[in-house]
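Colleague: The following block contains the structure, expressed as structure tokens.
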Amino acid sequence: MSNNTIDRYRNVYEEYAPQMIRFAEKFVSHFYVEDIVHDVFLKLWDKQVFLLPDNELRRVLYVAVKNACIDQLRKLNQEQEYIDKRALQLKLDELDFFEASDELFMRKELHRILLQQINELPERSRDIFKMSYLEGLKAAEIAEQLNLSTRTVENQLYRALLFLRKKSTRLFLYLFTII
């Protein structure tokens, strides 16, 4: 490239760049304006549009900057949609986490309350209940270990379950009226 070509480009840039920046600021944030205008001038350099007569050059510059602004706005819109979708997904994930942690908390709390209620059983019923439901022993095995009849063990389990069911019904009614 000759010095005349470089000088022409420099003159076009110095004359039109400030106008193009003011024009672009009407449409996009000032954070993007200089980059947009500089990109347009780089494209002019590659295509040597700056060699056009001034009236055509001005029209080409305005159209190129306008199109670059439109492209930037579309890009920002797509980015914002992506950001909005990600933000929404994060909120949904957060809600799922809290729902799961609430459920876990409620299970732990119910388990704690149930164990507390088991401890309220009379000693023999409590021992039989724990052996059956916590240790997984059958009524005959419990009867053998405690030197009781199988029928006595079954009656004790039945009474323990009635007691816990009564207590649990009140507990669940209480929980559902609070929630």
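Each chain in the structure tokens gets a letter, A, B and so on, in the order shown; residues start at 1 in every chain, and ligands are counted from 1 in the order they appear.
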Find the residues around region 48-59 of chain A up to 8 Å (only C-alpha atoms counted), leave out those fewer than 5 positions away in its own chain, and share them as a list in words.

Modeller: Thr5, Arg8, Tyr9, Val12 and Tyr16 of chain A

Colleague: Pick out the closest residue to Cys69 (chain A) from this set: A:Asn11, A:Ile21, A:Asp46, A:Tyr82. Count only C-alpha atoms.

Modeller: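 For Cys69 (chain A), the nearest of the candidates is A:Ile21.
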
Colleague: Nearest to Lys138 (chain A): which of A:Glu123, A:Glu109, A:Glu154, A:Glu34 is it, counting only C-alpha atoms?

Modeller: A:Glu154
